[in-house]
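Next comes structure-v3.tsv, a file with TSV, N, CA and C atoms.
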```
chain	number	residue	atom	x	y	z
A	14	MET	N	-11.38	7.98	-60.04
A	14	MET	CA	-11.23	6.53	-60.09
A	14	MET	C	-9.87	6.22	-60.72
A	15	ASP	N	-9.09	5.38	-60.04
A	15	ASP	CA	-7.79	5.04	-60.61
A	15	ASP	C	-7.93	3.96	-61.67
A	16	GLU	N	-6.85	3.71	-62.40
A	16	GLU	CA	-6.88	2.79	-63.53
A	16	GLU	C	-7.19	1.36	-63.09
A	17	THR	N	-6.66	0.93	-61.95
A	17	THR	CA	-6.91	-0.43	-61.46
A	17	THR	C	-8.39	-0.64	-61.17
A	18	ALA	N	-9.02	0.32	-60.53
A	18	ALA	CA	-10.45	0.23	-60.23
A	18	ALA	C	-11.26	0.18	-61.51
A	19	SER	N	-10.85	0.92	-62.52
A	19	SER	CA	-11.54	0.94	-63.81
A	19	SER	C	-11.46	-0.43	-64.48
A	20	ILE	N	-10.29	-1.05	-64.45
A	20	ILE	CA	-10.11	-2.37	-65.05
A	20	ILE	C	-10.95	-3.41	-64.32
A	21	VAL	N	-10.96	-3.37	-63.02
A	21	VAL	CA	-11.75	-4.31	-62.23
A	21	VAL	C	-13.23	-4.11	-62.52
A	22	ARG	N	-13.68	-2.87	-62.65
A	22	ARG	CA	-15.08	-2.58	-62.95
A	22	ARG	C	-15.47	-3.15	-64.31
A	23	LEU	N	-14.66	-2.94	-65.34
A	23	LEU	CA	-14.98	-3.48	-66.66
A	23	LEU	C	-14.94	-5.00	-66.66
A	24	TYR	N	-14.04	-5.59	-65.88
A	24	TYR	CA	-13.99	-7.04	-65.74
A	24	TYR	C	-15.31	-7.54	-65.15
A	25	ALA	N	-15.83	-6.80	-64.17
A	25	ALA	CA	-17.10	-7.18	-63.55
A	25	ALA	C	-18.26	-6.99	-64.52
A	26	VAL	N	-18.24	-5.93	-65.31
A	26	VAL	CA	-19.32	-5.65	-66.27
A	26	VAL	C	-19.41	-6.74	-67.33
A	27	THR	N	-18.28	-7.29	-67.73
A	27	THR	CA	-18.27	-8.34	-68.75
A	27	THR	C	-18.35	-9.73	-68.12
A	28	ASP	N	-18.61	-9.80	-66.82
A	28	ASP	CA	-18.67	-11.08	-66.09
A	28	ASP	C	-17.38	-11.87	-66.23
A	29	GLY	N	-16.27	-11.16	-66.34
A	29	GLY	CA	-14.98	-11.80	-66.42
A	29	GLY	C	-14.63	-12.34	-67.80
A	30	ARG	N	-15.52	-12.13	-68.76
A	30	ARG	CA	-15.27	-12.63	-70.11
A	30	ARG	C	-14.32	-11.70	-70.84
A	31	THR	N	-13.43	-12.29	-71.62
A	31	THR	CA	-12.50	-11.50	-72.42
A	31	THR	C	-12.66	-11.79	-73.91
A	32	ARG	N	-13.55	-12.71	-74.25
A	32	ARG	CA	-13.80	-13.05	-75.65
A	32	ARG	C	-15.26	-12.85	-75.99
A	33	ALA	N	-15.48	-12.22	-77.13
A	33	ALA	CA	-16.84	-11.97	-77.59
A	33	ALA	C	-17.38	-13.21	-78.30
A	34	ARG	N	-18.66	-13.36	-78.28
A	34	ARG	CA	-19.32	-14.48	-78.97
A	34	ARG	C	-19.27	-14.29	-80.49
A	35	HIS	N	-19.33	-13.03	-80.93
A	35	HIS	CA	-19.30	-12.70	-82.35
A	35	HIS	C	-17.89	-12.27	-82.75
A	36	THR	N	-17.54	-12.51	-83.99
A	36	THR	CA	-16.27	-12.04	-84.52
A	36	THR	C	-16.45	-10.61	-84.99
A	37	LEU	N	-15.87	-9.69	-84.26
A	37	LEU	CA	-15.99	-8.26	-84.57
A	37	LEU	C	-14.60	-7.67	-84.72
A	38	SER	N	-14.45	-6.79	-85.69
A	38	SER	CA	-13.16	-6.11	-85.86
A	38	SER	C	-13.32	-4.66	-85.41
A	39	LEU	N	-12.21	-3.96	-85.38
A	39	LEU	CA	-12.26	-2.54	-85.03
A	39	LEU	C	-13.09	-1.75	-86.04
A	40	HIS	N	-13.19	-2.27	-87.26
A	40	HIS	CA	-13.89	-1.57	-88.34
A	40	HIS	C	-15.36	-1.97	-88.45
A	41	THR	N	-15.82	-2.93	-87.66
A	41	THR	CA	-17.21	-3.37	-87.74
A	41	THR	C	-18.13	-2.20	-87.40
A	42	VAL	N	-19.01	-1.88	-88.33
A	42	VAL	CA	-19.96	-0.79	-88.13
A	42	VAL	C	-21.17	-1.31	-87.36
A	43	LEU	N	-21.58	-0.54	-86.37
A	43	LEU	CA	-22.70	-0.92	-85.51
A	43	LEU	C	-23.85	0.04	-85.70
A	44	GLY	N	-25.05	-0.49	-85.69
A	44	GLY	CA	-26.25	0.32	-85.80
A	44	GLY	C	-27.25	-0.09	-84.74
A	45	PRO	N	-28.33	0.66	-84.62
A	45	PRO	CA	-29.33	0.35	-83.61
A	45	PRO	C	-30.08	-0.93	-83.96
A	46	GLY	N	-30.47	-1.66	-82.94
A	46	GLY	CA	-31.26	-2.87	-83.13
A	46	GLY	C	-32.74	-2.57	-83.03
A	47	ARG	N	-33.53	-3.61	-83.05
A	47	ARG	CA	-34.98	-3.46	-82.99
A	47	ARG	C	-35.52	-3.53	-81.57
A	48	ARG	N	-34.73	-4.00	-80.65
A	48	ARG	CA	-35.18	-4.16	-79.26
A	48	ARG	C	-34.50	-3.14	-78.36
A	49	SER	N	-35.17	-2.87	-77.26
A	49	SER	CA	-34.61	-2.01	-76.22
A	49	SER	C	-34.61	-2.77	-74.90
A	50	PRO	N	-33.60	-3.62	-74.69
A	50	PRO	CA	-33.57	-4.42	-73.47
A	50	PRO	C	-33.50	-3.55	-72.22
A	51	ARG	N	-34.12	-4.01	-71.18
A	51	ARG	CA	-34.09	-3.28	-69.91
A	51	ARG	C	-33.00	-3.87	-69.02
A	52	GLY	N	-32.59	-3.07	-68.07
A	52	GLY	CA	-31.61	-3.53	-67.10
A	52	GLY	C	-30.19	-3.61	-67.61
A	53	LEU	N	-29.86	-2.79	-68.61
A	53	LEU	CA	-28.50	-2.78	-69.15
A	53	LEU	C	-27.56	-2.07	-68.19
A	54	SER	N	-26.31	-2.46	-68.23
A	54	SER	CA	-25.30	-1.76	-67.45
A	54	SER	C	-25.15	-0.34	-68.00
A	55	GLU	N	-24.52	0.51	-67.23
A	55	GLU	CA	-24.29	1.89	-67.67
A	55	GLU	C	-23.50	1.92	-68.98
A	56	GLU	N	-22.47	1.08	-69.08
A	56	GLU	CA	-21.65	1.04	-70.28
A	56	GLU	C	-22.45	0.57	-71.49
A	57	SER	N	-23.25	-0.48	-71.31
A	57	SER	CA	-24.07	-1.00	-72.41
A	57	SER	C	-25.09	0.04	-72.87
A	58	SER	N	-25.70	0.73	-71.93
A	58	SER	CA	-26.66	1.79	-72.28
A	58	SER	C	-26.00	2.90	-73.08
A	59	ARG	N	-24.79	3.27	-72.70
A	59	ARG	CA	-24.06	4.31	-73.43
A	59	ARG	C	-23.73	3.86	-74.84
A	60	ILE	N	-23.37	2.58	-75.00
A	60	ILE	CA	-23.07	2.04	-76.33
A	60	ILE	C	-24.31	2.09	-77.21
A	61	VAL	N	-25.44	1.64	-76.68
A	61	VAL	CA	-26.69	1.65	-77.44
A	61	VAL	C	-27.09	3.07	-77.81
A	62	ASP	N	-26.98	3.99	-76.86
A	62	ASP	CA	-27.34	5.39	-77.13
A	62	ASP	C	-26.47	5.98	-78.25
A	63	LEU	N	-25.19	5.70	-78.21
A	63	LEU	CA	-24.28	6.22	-79.23
A	63	LEU	C	-24.64	5.66	-80.61
A	64	CYS	N	-24.94	4.37	-80.68
A	64	CYS	CA	-25.25	3.75	-81.97
A	64	CYS	C	-26.65	4.12	-82.47
A	65	ARG	N	-27.51	4.60	-81.59
A	65	ARG	CA	-28.82	5.10	-82.03
A	65	ARG	C	-28.68	6.48	-82.67
A	66	GLN	N	-27.69	7.25	-82.23
A	66	GLN	CA	-27.47	8.57	-82.81
A	66	GLN	C	-26.99	8.45	-84.25
A	67	ARG	N	-26.10	7.48	-84.49
A	67	ARG	CA	-25.59	7.23	-85.84
A	67	ARG	C	-24.81	5.93	-85.83
A	68	GLN	N	-24.71	5.32	-86.99
A	68	GLN	CA	-23.91	4.12	-87.10
A	68	GLN	C	-22.43	4.48	-86.95
A	69	CYS	N	-21.70	3.67	-86.21
A	69	CYS	CA	-20.28	3.96	-86.05
A	69	CYS	C	-19.49	2.67	-85.83
A	70	PRO	N	-18.21	2.69	-86.20
A	70	PRO	CA	-17.37	1.51	-86.03
A	70	PRO	C	-17.08	1.22	-84.56
A	71	LEU	N	-16.80	-0.02	-84.27
A	71	LEU	CA	-16.52	-0.46	-82.91
A	71	LEU	C	-15.39	0.35	-82.28
A	72	ALA	N	-14.35	0.62	-83.02
A	72	ALA	CA	-13.21	1.38	-82.49
A	72	ALA	C	-13.65	2.78	-82.06
A	73	GLU	N	-14.54	3.39	-82.83
A	73	GLU	CA	-15.02	4.72	-82.47
A	73	GLU	C	-15.88	4.67	-81.21
A	74	VAL	N	-16.67	3.62	-81.06
A	74	VAL	CA	-17.48	3.46	-79.85
A	74	VAL	C	-16.56	3.40	-78.63
A	75	ALA	N	-15.54	2.55	-78.71
A	75	ALA	CA	-14.60	2.42	-77.59
A	75	ALA	C	-13.90	3.74	-77.29
A	76	GLY	N	-13.43	4.41	-78.34
A	76	GLY	CA	-12.73	5.67	-78.15
A	76	GLY	C	-13.62	6.77	-77.60
A	77	THR	N	-14.82	6.88	-78.13
A	77	THR	CA	-15.76	7.92	-77.69
A	77	THR	C	-16.13	7.74	-76.23
A	78	LEU	N	-16.35	6.50	-75.83
A	78	LEU	CA	-16.77	6.23	-74.46
A	78	LEU	C	-15.60	6.04	-73.50
A	79	GLY	N	-14.36	6.00	-74.05
A	79	GLY	CA	-13.18	5.86	-73.20
A	79	GLY	C	-13.09	4.49	-72.53
A	80	LEU	N	-13.54	3.45	-73.24
A	80	LEU	CA	-13.52	2.10	-72.70
A	80	LEU	C	-12.54	1.23	-73.48
A	81	HIS	N	-12.04	0.19	-72.87
A	81	HIS	CA	-11.10	-0.72	-73.51
A	81	HIS	C	-11.80	-1.47	-74.63
A	82	VAL	N	-11.13	-1.64	-75.76
A	82	VAL	CA	-11.72	-2.26	-76.95
A	82	VAL	C	-12.20	-3.69	-76.66
A	83	THR	N	-11.43	-4.45	-75.91
A	83	THR	CA	-11.83	-5.83	-75.62
A	83	THR	C	-13.14	-5.87	-74.84
A	84	SER	N	-13.27	-5.00	-73.85
A	84	SER	CA	-14.51	-4.95	-73.07
A	84	SER	C	-15.68	-4.51	-73.93
A	85	VAL	N	-15.46	-3.52	-74.78
A	85	VAL	CA	-16.52	-3.04	-75.66
A	85	VAL	C	-16.94	-4.15	-76.62
A	86	THR	N	-15.98	-4.92	-77.12
A	86	THR	CA	-16.30	-6.01	-78.03
A	86	THR	C	-17.20	-7.05	-77.35
A	87	VAL	N	-16.90	-7.38	-76.10
A	87	VAL	CA	-17.73	-8.34	-75.35
A	87	VAL	C	-19.13	-7.76	-75.14
A	88	LEU	N	-19.21	-6.50	-74.73
A	88	LEU	CA	-20.51	-5.86	-74.48
A	88	LEU	C	-21.32	-5.75	-75.77
A	89	VAL	N	-20.67	-5.35	-76.87
A	89	VAL	CA	-21.35	-5.21	-78.15
A	89	VAL	C	-21.88	-6.57	-78.61
A	90	SER	N	-21.10	-7.61	-78.43
A	90	SER	CA	-21.54	-8.96	-78.81
A	90	SER	C	-22.81	-9.34	-78.04
A	91	ASP	N	-22.83	-9.03	-76.75
A	91	ASP	CA	-24.03	-9.29	-75.94
A	91	ASP	C	-25.22	-8.48	-76.44
A	92	LEU	N	-24.97	-7.23	-76.80
A	92	LEU	CA	-26.04	-6.35	-77.28
A	92	LEU	C	-26.58	-6.81	-78.64
A	93	ILE	N	-25.72	-7.39	-79.47
A	93	ILE	CA	-26.18	-7.95	-80.74
A	93	ILE	C	-27.09	-9.15	-80.46
A	94	ASP	N	-26.67	-10.01	-79.52
A	94	ASP	CA	-27.50	-11.16	-79.15
A	94	ASP	C	-28.85	-10.73	-78.59
A	95	ALA	N	-28.86	-9.62	-77.85
A	95	ALA	CA	-30.10	-9.13	-77.24
A	95	ALA	C	-30.98	-8.36	-78.23
A	96	GLY	N	-30.46	-8.10	-79.43
A	96	GLY	CA	-31.23	-7.36	-80.43
A	96	GLY	C	-31.18	-5.85	-80.26
A	97	ALA	N	-30.31	-5.37	-79.36
A	97	ALA	CA	-30.20	-3.93	-79.12
A	97	ALA	C	-29.30	-3.25	-80.14
A	98	LEU	N	-28.39	-4.02	-80.76
A	98	LEU	CA	-27.50	-3.51	-81.80
A	98	LEU	C	-27.55	-4.44	-83.00
A	99	THR	N	-27.22	-3.90	-84.14
A	99	THR	CA	-27.11	-4.71	-85.35
A	99	THR	C	-25.80	-4.37	-86.06
A	100	VAL	N	-25.43	-5.24	-86.95
A	100	VAL	CA	-24.31	-4.98	-87.86
A	100	VAL	C	-24.97	-4.80	-89.21
A	101	PRO	N	-25.25	-3.55	-89.60
A	101	PRO	CA	-25.99	-3.31	-90.84
A	101	PRO	C	-25.21	-3.75	-92.07
A	102	VAL	N	-25.95	-4.26	-93.04
A	102	VAL	CA	-25.36	-4.65	-94.32
A	102	VAL	C	-25.64	-3.51	-95.30
A	103	PRO	N	-24.61	-2.99	-95.96
A	103	PRO	CA	-24.80	-1.90	-96.91
A	103	PRO	C	-25.76	-2.32	-98.03
A	104	ASP	N	-26.62	-1.38	-98.47
A	104	ASP	CA	-27.59	-1.65	-99.53
A	104	ASP	C	-26.94	-1.69	-100.91
A	105	ALA	N	-26.10	-0.71	-101.18
A	105	ALA	CA	-25.53	-0.59	-102.52
A	105	ALA	C	-24.30	-1.49	-102.67
A	106	PRO	N	-24.16	-2.13	-103.84
A	106	PRO	CA	-22.95	-2.93	-104.05
A	106	PRO	C	-21.71	-2.05	-103.98
A	107	GLY	N	-20.71	-2.54	-103.31
A	107	GLY	CA	-19.47	-1.79	-103.20
A	107	GLY	C	-19.49	-0.73	-102.11
A	108	ALA	N	-20.66	-0.57	-101.43
A	108	ALA	CA	-20.75	0.45	-100.39
A	108	ALA	C	-20.05	0.02	-99.11
A	109	GLY	N	-19.87	-1.27	-98.91
A	109	GLY	CA	-19.18	-1.77	-97.74
A	109	GLY	C	-18.29	-2.93	-98.11
A	110	SER	N	-17.47	-3.32	-97.20
A	110	SER	CA	-16.53	-4.40	-97.49
A	110	SER	C	-17.23	-5.75	-97.41
A	111	GLU	N	-16.65	-6.72	-98.07
A	111	GLU	CA	-17.15	-8.09	-98.00
A	111	GLU	C	-17.05	-8.61	-96.57
A	112	VAL	N	-16.03	-8.20	-95.87
A	112	VAL	CA	-15.85	-8.63	-94.48
A	112	VAL	C	-17.01	-8.12	-93.63
A	113	GLN	N	-17.42	-6.88	-93.85
A	113	GLN	CA	-18.55	-6.31	-93.11
A	113	GLN	C	-19.82	-7.13	-93.36
A	114	LYS	N	-20.03	-7.52	-94.60
A	114	LYS	CA	-21.21	-8.33	-94.93
A	114	LYS	C	-21.14	-9.69	-94.24
A	115	LEU	N	-19.95	-10.28	-94.20
A	115	LEU	CA	-19.79	-11.56	-93.53
A	115	LEU	C	-20.03	-11.44	-92.02
A	116	HIS	N	-19.58	-10.34	-91.42
A	116	HIS	CA	-19.85	-10.11	-90.00
A	116	HIS	C	-21.35	-10.01	-89.75
A	117	ALA	N	-22.05	-9.30	-90.60
A	117	ALA	CA	-23.49	-9.15	-90.45
A	117	ALA	C	-24.19	-10.50	-90.59
A	118	LEU	N	-23.78	-11.28	-91.57
A	118	LEU	CA	-24.36	-12.60	-91.78
A	118	LEU	C	-24.09	-13.51	-90.59
A	119	SER	N	-22.86	-13.50	-90.11
A	119	SER	CA	-22.49	-14.31	-88.96
A	119	SER	C	-23.31	-13.93	-87.72
A	120	ALA	N	-23.46	-12.64	-87.48
A	120	ALA	CA	-24.24	-12.18	-86.32
A	120	ALA	C	-25.69	-12.64	-86.43
A	121	GLY	N	-26.26	-12.54	-87.62
A	121	GLY	CA	-27.63	-12.97	-87.82
A	121	GLY	C	-27.81	-14.46	-87.61
A	122	LEU	N	-26.88	-15.26	-88.11
A	122	LEU	CA	-26.95	-16.71	-87.94
A	122	LEU	C	-26.79	-17.10	-86.47
A	123	LYS	N	-25.90	-16.41	-85.77
A	123	LYS	CA	-25.70	-16.72	-84.34
A	123	LYS	C	-26.92	-16.34	-83.52
A	124	ARG	N	-27.63	-15.28	-83.92
A	124	ARG	CA	-28.87	-14.92	-83.23
A	124	ARG	C	-29.93	-15.99	-83.44
A	125	LYS	N	-30.03	-16.49	-84.67
A	125	LYS	CA	-31.06	-17.48	-85.01
A	125	LYS	C	-30.75	-18.83	-84.38
A	126	TRP	N	-29.50	-19.26	-84.41
A	126	TRP	CA	-29.08	-20.55	-83.85
A	126	TRP	C	-27.94	-20.33	-82.86
A	127	PRO	N	-28.25	-19.83	-81.65
A	127	PRO	CA	-27.20	-19.45	-80.70
A	127	PRO	C	-26.36	-20.61	-80.16
A	128	ASN	N	-26.90	-21.81	-80.16
A	128	ASN	CA	-26.17	-22.93	-79.57
A	128	ASN	C	-25.41	-23.77	-80.57
A	129	SER	N	-25.42	-23.37	-81.83
A	129	SER	CA	-24.71	-24.15	-82.84
A	129	SER	C	-23.30	-23.61	-83.02
A	130	SER	N	-22.45	-24.45	-83.54
A	130	SER	CA	-21.09	-24.01	-83.86
A	130	SER	C	-20.65	-24.70	-85.14
A	131	ALA	N	-19.91	-23.98	-85.93
A	131	ALA	CA	-19.44	-24.51	-87.22
A	131	ALA	C	-18.17	-25.31	-87.00
A	132	LYS	N	-18.06	-26.38	-87.70
A	132	LYS	CA	-16.85	-27.21	-87.67
A	132	LYS	C	-16.20	-27.16	-89.03
A	133	ALA	N	-14.93	-26.80	-89.07
A	133	ALA	CA	-14.22	-26.73	-90.34
A	133	ALA	C	-13.72	-28.13	-90.71
A	134	GLY	N	-13.72	-28.39	-92.02
A	134	GLY	CA	-13.13	-29.60	-92.53
A	134	GLY	C	-14.02	-30.74	-92.47
```

I need this file expressed as structure tokens, please.
Amino acid sequence: MDETASIVRLYAVTDGRTRARHTLSLHTVLGPGRRSPRGLSEESSRIVDLCRQRQCPLAEVAGTLGLHVTSVTVLVSDLIDAGALTVPVPDAPGAGSEVQKLHALSAGLKRKWPNSSAKAG
């Protein structure tokens, strides 16, 4: 498969979306969710399988699977909404960054109230 076909395929897998619903960084750690949605794309299934083996950062998921980071971010965001992935919050104080905790909180709030949006100011 040439590079152009690969880009078109990932564009189709993300339904043409280039922005994720959740704010995720390259360092966002992903873990398995509580649900196992059916009918996932091949790429989404591979992401879920990798995160079930062990928690890993988004950048590692993209690198391990050989997928573009932007596409993985969109797919991961969808998987968080579906409950297939989580952004775990570290148990021990100082075990994770404050940013990681905020990402986890944001993901949880967006799952609970998916149609709401925050307005600054």

Neighbouring residues of Ser57 (chain A) were defined as those with any atom within 8 Å, considering all atoms listed in the file; residues of the same chain fewer than 6 positions away were excluded. Please report them as a PDB file with N, CA and C atoms, in the coordinates of the input.
```
ATOM      1  N   LEU A  63     -25.190   5.700 -78.210  1.00  0.00           N
ATOM      2  CA  LEU A  63     -24.280   6.220 -79.230  1.00  0.00           C
ATOM      3  C   LEU A  63     -24.640   5.660 -80.610  1.00  0.00           C
ATOM      4  N   LEU A  88     -19.210  -6.500 -74.730  1.00  0.00           N
ATOM      5  CA  LEU A  88     -20.510  -5.860 -74.480  1.00  0.00           C
ATOM      6  C   LEU A  88     -21.320  -5.750 -75.770  1.00  0.00           C
ATOM      7  N   VAL A  89     -20.670  -5.350 -76.870  1.00  0.00           N
ATOM      8  CA  VAL A  89     -21.350  -5.210 -78.150  1.00  0.00           C
ATOM      9  C   VAL A  89     -21.880  -6.570 -78.610  1.00  0.00           C
ATOM     10  N   LEU A  92     -24.970  -7.230 -76.800  1.00  0.00           N
ATOM     11  CA  LEU A  92     -26.040  -6.350 -77.280  1.00  0.00           C
ATOM     12  C   LEU A  92     -26.580  -6.810 -78.640  1.00  0.00           C
TER      13      LEU A  92
END
```

Task: Filtered DSSP result for chain A, state strand (DSSP E or B), as a PyMOL selection string - done: chain A and resi 42-45+69-70+98-99

Open item on the list: Please list as number ranges by chain every residue within 12 Å of Arg51 (chain A), counting only C-alpha atoms and excluding residues in the same chain fewer than 2 positions away.
Closed with: A: 48-49, 53-55, 57-58, 61, 92, 95-97

Open item on the list: Which residue is closest to Arg34 (chain A)? Choose from A:Gln113, A:Ser90, A:Asn128, A:Thr99 and count all atoms listed in the file.
Closed with: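 Checking each of A:Gln113, A:Ser90, A:Asn128, A:Thr99 against Arg34 (chain A), counting all atoms listed in the file, the winner is A:Ser90.
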
Task: Nearby residues (all atoms listed in the file) at most 8 Å from Ala120 (chain A), same-chain spacing under 3 positions excluded, as a VMD selection string - done: chain A and resid 34 to 36 93 to 94 99 to 100 114 to 117 123 to 126

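Here CA of Thr83 (chain A) and CA of Pro101 (chain A) stand 20.9 Å from one another.
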
Assuming 4 Å of padding per side, give the centre and edge lengths of the axis-aligned box around every listed atom of region 90-102 of chain A, in Å to one decimal and as lines of an AutoDock Vina configuration file.
```
center_x = -26.2
center_y = -7.2
center_z = -85.6
size_x = 18.1
size_y = 15.9
size_z = 27.4
```

Open item on the list: Just the number, please: distance in Å from atom C of Val102 (chain A) to CA of Leu71 (chain A), one decimal.
Closed with: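 Here the two named atoms are 15.7 Å from each other.
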
Task: Residue with smallest distance to Asp62 (chain A) - pool A:Val87, A:Leu118, A:Leu98, A:Val112, counting only C-alpha atoms - done: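 Closest to Asp62 (chain A) of all the choices is A:Leu98.
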